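Structure, as structure tokens:
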Amino acid sequence: MDQNKKSFRTNESLFHSFLHSCLGKIVILAGIGAILLFIAHITVPGREKMTEETEDNIRQCIMANDSLPTDKIDDFINNIGYTFTHADSTFDAEIWEAFNNYNRLEYHEHSFYSTMRLHNNFRPEGTRVGIGIFGLVIPTVNFNDFLLRVGPIHKGYDRGLIQNIYVEEEYFGENPGIKEYHYHGEEAD
């Protein structure tokens, strides 16, 4: 029995074999990642741009607040819109002065991105209100993060916290005198 012995060797080049190997794919991905990190490092927004864009995003957030409670999805969609738009030029100077009195913005630069944090008496540790990467400032603002008015938290030390000092509660009338019903089992007729 004479069998045809074929060579399983291919005529591919060493470079082609390297590209199709696992190590080759890892090296290519690492190279692409290094290039992206280099571009991110070069395009980190500076203090002036981060401050200007974050203040613009906060003005838009204040203007968009219509006292309706929103969920996280609405905040996320608003923040994406704030990235590509600017606030109206007719912004109430009184509100902006109150914002500057009770809040402070702080810039932090990292290797590949920068962040802007908002500090006030309500959140002394600060909360992130903007991320800057690849030359863009992406807002993460929420209307509940900053203070525009200051008021009492307690009516007295013997009473609880005032939960919402800006919304007046509606009067629904007196509670009816309802007694608890306790089931005692089936009664015989």
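Ligands are numbered from 1 in the order shown, chains are lettered A, B, ... in the order of the structure tokens, and residues start at 1 in each chain.
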List as a list in words the protein and nucleic acid residues near Leu37 (chain A), meaning an atom at most 8 Å away when only C-alpha atoms are counted, but skip any in the same chain fewer than 4 places from it. Gly33, His41 and Phe112 of chain A
So which residues of region 24-136 of chain A fall under alpha helix (DSSP H) by DSSP, listed as JSON, numbers by chain? {"A": [24, 25, 26, 27, 28, 29, 30, 31, 32, 33, 34, 35, 36, 37, 38, 39, 40, 41, 42, 47, 48, 49, 50, 51, 52, 53, 54, 55, 56, 57, 58, 59, 60, 61, 62, 63, 64, 72, 73, 74, 75, 76, 77, 78, 79, 80, 81, 82, 83, 84, 93, 94, 95, 96, 97, 98, 99, 100, 101, 102]}
Would you please work out which residue, of A:Phe18, A:Phe84, A:Phe146, A:Phe122, is nearest to Trp96 (chain A) when using only C-alpha atoms?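 Result for the nearest residue to Trp96 (chain A): A:Phe146.
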Extract, using only C-alpha atoms, all DNA, RNA and protein residues at most 8 Å from region 127-135 of chain A, discarding same-chain residues fewer than 4 positions from it, and format them as a PDB file with N, CA and C atoms, in the first residue's frame.
ATOM      1  N   ILE A  39      -3.592  58.907  23.096  1.00  0.00           N
ATOM      2  CA  ILE A  39      -4.484  59.966  22.602  1.00  0.00           C
ATOM      3  C   ILE A  39      -5.285  60.556  23.768  1.00  0.00           C
ATOM      4  N   ALA A  40      -5.760  59.694  24.675  1.00  0.00           N
ATOM      5  CA  ALA A  40      -6.518  60.181  25.836  1.00  0.00           C
ATOM      6  C   ALA A  40      -5.632  61.067  26.715  1.00  0.00           C
ATOM      7  N   THR A  43      -5.264  64.515  25.051  1.00  0.00           N
ATOM      8  CA  THR A  43      -6.491  65.310  24.907  1.00  0.00           C
ATOM      9  C   THR A  43      -7.263  65.492  26.213  1.00  0.00           C
ATOM     10  N   VAL A  44      -6.634  65.320  27.365  1.00  0.00           N
ATOM     11  CA  VAL A  44      -7.322  65.557  28.645  1.00  0.00           C
ATOM     12  C   VAL A  44      -7.710  67.029  28.728  1.00  0.00           C
ATOM     13  N   PRO A  45      -9.012  67.321  28.956  1.00  0.00           N
ATOM     14  CA  PRO A  45      -9.413  68.737  29.051  1.00  0.00           C
ATOM     15  C   PRO A  45      -8.747  69.427  30.249  1.00  0.00           C
ATOM     16  N   MET A  50     -12.811  72.478  31.524  1.00  0.00           N
ATOM     17  CA  MET A  50     -13.662  71.698  32.423  1.00  0.00           C
ATOM     18  C   MET A  50     -14.563  72.620  33.236  1.00  0.00           C
ATOM     19  N   THR A  54     -18.554  72.599  32.657  1.00  0.00           N
ATOM     20  CA  THR A  54     -19.326  72.113  33.801  1.00  0.00           C
ATOM     21  C   THR A  54     -20.301  73.178  34.283  1.00  0.00           C
ATOM     22  N   PHE A 112      -5.306  59.949  32.310  1.00  0.00           N
ATOM     23  CA  PHE A 112      -5.992  59.803  31.036  1.00  0.00           C
ATOM     24  C   PHE A 112      -7.351  60.496  30.991  1.00  0.00           C
ATOM     25  N   TYR A 113      -7.769  61.105  32.078  1.00  0.00           N
ATOM     26  CA  TYR A 113      -9.045  61.813  32.139  1.00  0.00           C
ATOM     27  C   TYR A 113      -8.976  62.838  33.256  1.00  0.00           C
ATOM     28  N   SER A 114      -9.979  63.706  33.299  1.00  0.00           N
ATOM     29  CA  SER A 114     -10.075  64.672  34.391  1.00  0.00           C
ATOM     30  C   SER A 114     -11.503  64.663  34.913  1.00  0.00           C
ATOM     31  N   THR A 115     -11.674  65.090  36.155  1.00  0.00           N
ATOM     32  CA  THR A 115     -12.998  65.119  36.764  1.00  0.00           C
ATOM     33  C   THR A 115     -13.221  66.473  37.425  1.00  0.00           C
ATOM     34  N   MET A 116     -14.481  66.815  37.581  1.00  0.00           N
ATOM     35  CA  MET A 116     -14.874  68.020  38.291  1.00  0.00           C
ATOM     36  C   MET A 116     -15.793  67.584  39.422  1.00  0.00           C
ATOM     37  N   ARG A 117     -15.474  68.014  40.636  1.00  0.00           N
ATOM     38  CA  ARG A 117     -16.273  67.649  41.803  1.00  0.00           C
ATOM     39  C   ARG A 117     -16.925  68.893  42.380  1.00  0.00           C
ATOM     40  N   LEU A 118     -18.125  68.705  42.929  1.00  0.00           N
ATOM     41  CA  LEU A 118     -18.904  69.782  43.516  1.00  0.00           C
ATOM     42  C   LEU A 118     -18.965  69.570  45.021  1.00  0.00           C
ATOM     43  N   HIS A 119     -18.569  70.589  45.777  1.00  0.00           N
ATOM     44  CA  HIS A 119     -18.591  70.521  47.241  1.00  0.00           C
ATOM     45  C   HIS A 119     -19.577  71.567  47.762  1.00  0.00           C
ATOM     46  N   ARG A 123     -23.124  68.046  50.738  1.00  0.00           N
ATOM     47  CA  ARG A 123     -22.196  66.985  50.333  1.00  0.00           C
ATOM     48  C   ARG A 123     -20.755  67.491  50.516  1.00  0.00           C
ATOM     49  N   PRO A 139     -21.105  65.486  31.291  1.00  0.00           N
ATOM     50  CA  PRO A 139     -21.686  65.863  32.580  1.00  0.00           C
ATOM     51  C   PRO A 139     -22.348  64.677  33.269  1.00  0.00           C
ATOM     52  N   THR A 140     -22.296  64.702  34.591  1.00  0.00           N
ATOM     53  CA  THR A 140     -23.012  63.720  35.414  1.00  0.00           C
ATOM     54  C   THR A 140     -23.793  64.464  36.490  1.00  0.00           C
ATOM     55  N   VAL A 141     -24.300  65.648  36.139  1.00  0.00           N
ATOM     56  CA  VAL A 141     -24.974  66.500  37.116  1.00  0.00           C
ATOM     57  C   VAL A 141     -26.379  66.001  37.407  1.00  0.00           C
ATOM     58  N   ASN A 142     -26.824  66.302  38.614  1.00  0.00           N
ATOM     59  CA  ASN A 142     -28.172  66.003  39.063  1.00  0.00           C
ATOM     60  C   ASN A 142     -28.623  67.217  39.868  1.00  0.00           C
ATOM     61  N   ASP A 145     -27.852  67.505  43.568  1.00  0.00           N
ATOM     62  CA  ASP A 145     -26.466  67.534  44.033  1.00  0.00           C
ATOM     63  C   ASP A 145     -26.030  68.889  44.568  1.00  0.00           C
TER      64      ASP A 145
END
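Residues in contact range of Thr85 (chain A), defined as at most 9 Å between only C-alpha atoms, with sequence neighbours fewer than 2 positions away removed, read Asn57, Gln60, Gly81, Tyr82, Thr83 and Ala87 of chain A.
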Hey, can you check how far CA of Ile80 (chain A) sits from CA of Ala64 (chain A)? 13.5 Å
Name the closest residue to Tyr102 (chain A) among the candidates A:Ser89, A:Leu147, A:Leu136, A:Asp56; distances are taken between atoms, counting only C-alpha atoms.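 Of A:Ser89, A:Leu147, A:Leu136, A:Asp56, the one nearest Tyr102 (chain A) is A:Leu147, counting only C-alpha atoms.
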Shortest contact to Tyr107 (chain A), candidates A:Glu48, A:Asp75, A:Glu125, A:Glu94, atoms counted only C-alpha atoms, goes to A:Glu48
